[in-house]
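A.B. asks: For reference, the structure I am asking about is given below.
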Amino acid sequence: KEAESAKLMEARANLLNDKAPSNTDKLVSVLPYLLPLMDSLTYGQFLLGQNQDNPIVLALAFVSVLYRSIPFSGFLSFVGLNSLTNNLGVNKLVRYNSQQAIYLDIAMFLPGFLGLLVGAVASGAGINIPPALTELSSDLIFGTLVLSIAYAAVSSLLGVTPDKIPGISQRVKERMPTIDMFDMNGQFIPKELREKEDDETNK
């Protein structure tokens, strides 16, 4: 009976690939951040436009052209990353970064929406927003995202989970499955049942 129980526990543990990432895992885990990076180039147009001869800017432009040449590239990337996060056999670092890249991409919609809202209100009130202010806000958004991606990339290449991005990483942690979310047969246990079991155990 003990041997059978041990086998069940081992099988449950094998459901989740929470092992230390291999060198390949580390490299692959950085790729998901191409999605928010490509979608952020709109905000970086002023900053990048001032450095058109920079090799990094040229490389970004080349990758962007390839990315935009693929029909529905954004949607396909989103679906692909989402499927990675749900594949428990994929290394945890890859799954974590895939989910975090999705959250970063979604987070960029907020400043864009606010910008449109402020622009509409200002236009209706007859107020002209200085171009310098628009450029500064775009540069700040782009710079913040680039720093977040740089931090995530360096951490991941070192095999460290990049879980220190304010407002994003904590939400990603909450979405990541853990071994206690599954029973001995590998079946997923809903959150309500897990909390009920914990309450009964603590009584």
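As shown in the structure tokens, the chain order sets the letters A, B, ...; within each chain, residues go from 1, and ligands are also counted from 1 in the order they appear.
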Going by DSSP on the backbone, which bits of range 13-184 of chain A are helix (DSSP H, G or I)? Write them as a ChimeraX atom specification, please.
C.D. replies: /A:13-15,23-39,45-49,55-69,73-85,92-107,109-124,131-157,169-175,179-181
A.B. asks: Keeping only C-alpha atoms, write the selected residues as a compact mmCIF listing (two decimals), in the first residue's frame.
C.D. replies:
# COMPACT_ATOMS: atom_id res chain seq x y z
CA ALA A 13 4.66 15.28 -9.04
CA ASN A 14 5.47 14.39 -12.66
CA LEU A 15 2.35 16.22 -13.81
CA ASN A 23 19.87 25.92 -20.85
CA THR A 24 17.33 25.38 -23.63
CA ASP A 25 14.48 26.18 -21.25
CA LYS A 26 16.22 29.41 -20.22
CA LEU A 27 16.59 30.54 -23.84
CA VAL A 28 13.05 29.55 -24.82
CA SER A 29 11.60 31.30 -21.76
CA VAL A 30 12.83 34.67 -23.06
CA LEU A 31 11.07 34.40 -26.44
CA PRO A 32 7.52 35.12 -25.14
CA TYR A 33 8.57 38.70 -24.38
CA LEU A 34 8.76 39.38 -28.11
CA LEU A 35 4.95 39.76 -28.05
CA PRO A 36 4.81 42.79 -25.69
CA LEU A 37 8.02 44.16 -27.21
CA MET A 38 6.58 44.17 -30.73
CA ASP A 39 3.30 45.66 -29.55
CA GLN A 45 8.34 55.52 -32.21
CA PHE A 46 9.78 58.83 -30.95
CA LEU A 47 12.69 57.34 -29.04
CA LEU A 48 13.56 54.84 -31.76
CA GLY A 49 13.12 57.43 -34.50
CA PRO A 55 22.12 48.41 -34.66
CA ILE A 56 19.62 47.43 -31.98
CA VAL A 57 16.97 49.70 -33.49
CA LEU A 58 17.68 48.26 -36.94
CA ALA A 59 17.34 44.73 -35.57
CA LEU A 60 14.04 45.66 -33.92
CA ALA A 61 12.78 47.14 -37.18
CA PHE A 62 13.69 43.95 -39.05
CA VAL A 63 11.96 41.70 -36.52
CA SER A 64 8.94 44.02 -36.51
CA VAL A 65 8.60 43.82 -40.30
CA LEU A 66 8.70 40.01 -40.14
CA TYR A 67 6.21 39.99 -37.27
CA ARG A 68 3.77 42.31 -39.06
CA SER A 69 4.05 40.33 -42.29
CA SER A 73 0.45 37.63 -35.76
CA GLY A 74 -0.67 39.21 -32.50
CA PHE A 75 -3.65 36.90 -32.10
CA LEU A 76 -1.63 33.81 -33.02
CA SER A 77 1.13 34.77 -30.57
CA PHE A 78 -1.42 35.30 -27.81
CA VAL A 79 -3.05 31.91 -28.43
CA GLY A 80 0.33 30.19 -28.65
CA LEU A 81 1.56 31.65 -25.37
CA ASN A 82 -1.71 30.85 -23.66
CA SER A 83 -1.42 27.21 -24.74
CA LEU A 84 2.13 27.10 -23.35
CA THR A 85 0.99 28.33 -19.95
CA LYS A 92 7.82 26.17 -15.09
CA LEU A 93 10.12 29.04 -16.15
CA VAL A 94 8.78 28.91 -19.72
CA ARG A 95 5.17 28.74 -18.48
CA TYR A 96 5.74 31.60 -16.04
CA ASN A 97 7.30 33.88 -18.65
CA SER A 98 4.61 33.05 -21.19
CA GLN A 99 1.94 34.14 -18.72
CA GLN A 100 3.88 37.23 -17.68
CA ALA A 101 4.42 38.25 -21.30
CA ILE A 102 0.64 38.04 -21.85
CA TYR A 103 0.00 40.21 -18.79
CA LEU A 104 2.57 42.79 -19.92
CA ASP A 105 0.96 42.90 -23.35
CA ILE A 106 -2.50 43.38 -21.86
CA ALA A 107 -1.17 46.08 -19.49
CA PHE A 109 -3.81 48.65 -23.50
CA LEU A 110 -4.50 50.77 -20.42
CA PRO A 111 -2.20 53.75 -21.23
CA GLY A 112 -3.37 53.60 -24.85
CA PHE A 113 -7.01 53.76 -23.77
CA LEU A 114 -6.30 56.56 -21.29
CA GLY A 115 -4.45 58.48 -23.99
CA LEU A 116 -7.43 58.26 -26.33
CA LEU A 117 -9.79 59.30 -23.53
CA VAL A 118 -7.68 62.29 -22.49
CA GLY A 119 -7.27 63.30 -26.13
CA ALA A 120 -11.02 63.16 -26.74
CA VAL A 121 -11.80 65.18 -23.59
CA ALA A 122 -9.12 67.76 -24.39
CA SER A 123 -10.35 68.07 -27.96
CA GLY A 124 -13.92 68.55 -26.79
CA PRO A 131 3.35 67.30 -28.67
CA ALA A 132 6.26 67.25 -26.21
CA LEU A 133 3.94 65.86 -23.52
CA THR A 134 2.69 63.12 -25.85
CA GLU A 135 6.26 62.21 -26.76
CA LEU A 136 7.39 62.16 -23.13
CA SER A 137 4.52 59.90 -22.03
CA SER A 138 5.17 57.50 -24.92
CA ASP A 139 8.88 57.38 -24.08
CA LEU A 140 8.10 56.64 -20.42
CA ILE A 141 5.73 53.79 -21.30
CA PHE A 142 8.17 52.27 -23.78
CA GLY A 143 11.12 52.69 -21.41
CA THR A 144 9.24 51.05 -18.54
CA LEU A 145 8.32 48.07 -20.69
CA VAL A 146 11.85 47.67 -22.07
CA LEU A 147 13.30 47.73 -18.53
CA SER A 148 10.73 45.13 -17.42
CA ILE A 149 11.60 42.87 -20.37
CA ALA A 150 15.35 43.36 -19.82
CA TYR A 151 14.98 42.38 -16.16
CA ALA A 152 12.88 39.33 -17.07
CA ALA A 153 15.29 38.26 -19.81
CA VAL A 154 18.44 38.53 -17.69
CA SER A 155 16.81 36.77 -14.74
CA SER A 156 15.51 33.97 -16.96
CA LEU A 157 18.88 33.42 -18.65
CA SER A 169 4.31 39.24 -11.23
CA GLN A 170 2.01 38.67 -8.26
CA ARG A 171 -0.94 38.06 -10.57
CA VAL A 172 1.15 35.61 -12.59
CA LYS A 173 2.12 33.73 -9.42
CA GLU A 174 -1.55 33.38 -8.53
CA ARG A 175 -2.25 31.84 -11.93
CA ILE A 179 1.24 20.38 -6.93
CA ASP A 180 -1.34 20.84 -4.16
CA MET A 181 -3.93 21.74 -6.81
A.B. asks: Can you measure CA of Thr178 in chain A to CA of Leu16 in chain A for me? One decimal in Å is fine.
C.D. replies: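 Atom-to-atom, CA of Thr178 in chain A and CA of Leu16 in chain A are spaced 7.6 Å apart.
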A.B. asks: One decimal, in Å: what's the spacing between CA of Met176 in chain A and CA of Lys19 in chain A?
C.D. replies: 14.4 Å
A.B. asks: What does the distance from CA of Met108 in chain A to CA of Tyr43 in chain A come to in Å, to one decimal?
C.D. replies: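 Result for CA of Met108 in chain A versus CA of Tyr43 in chain A: 9.5 Å, one decimal.
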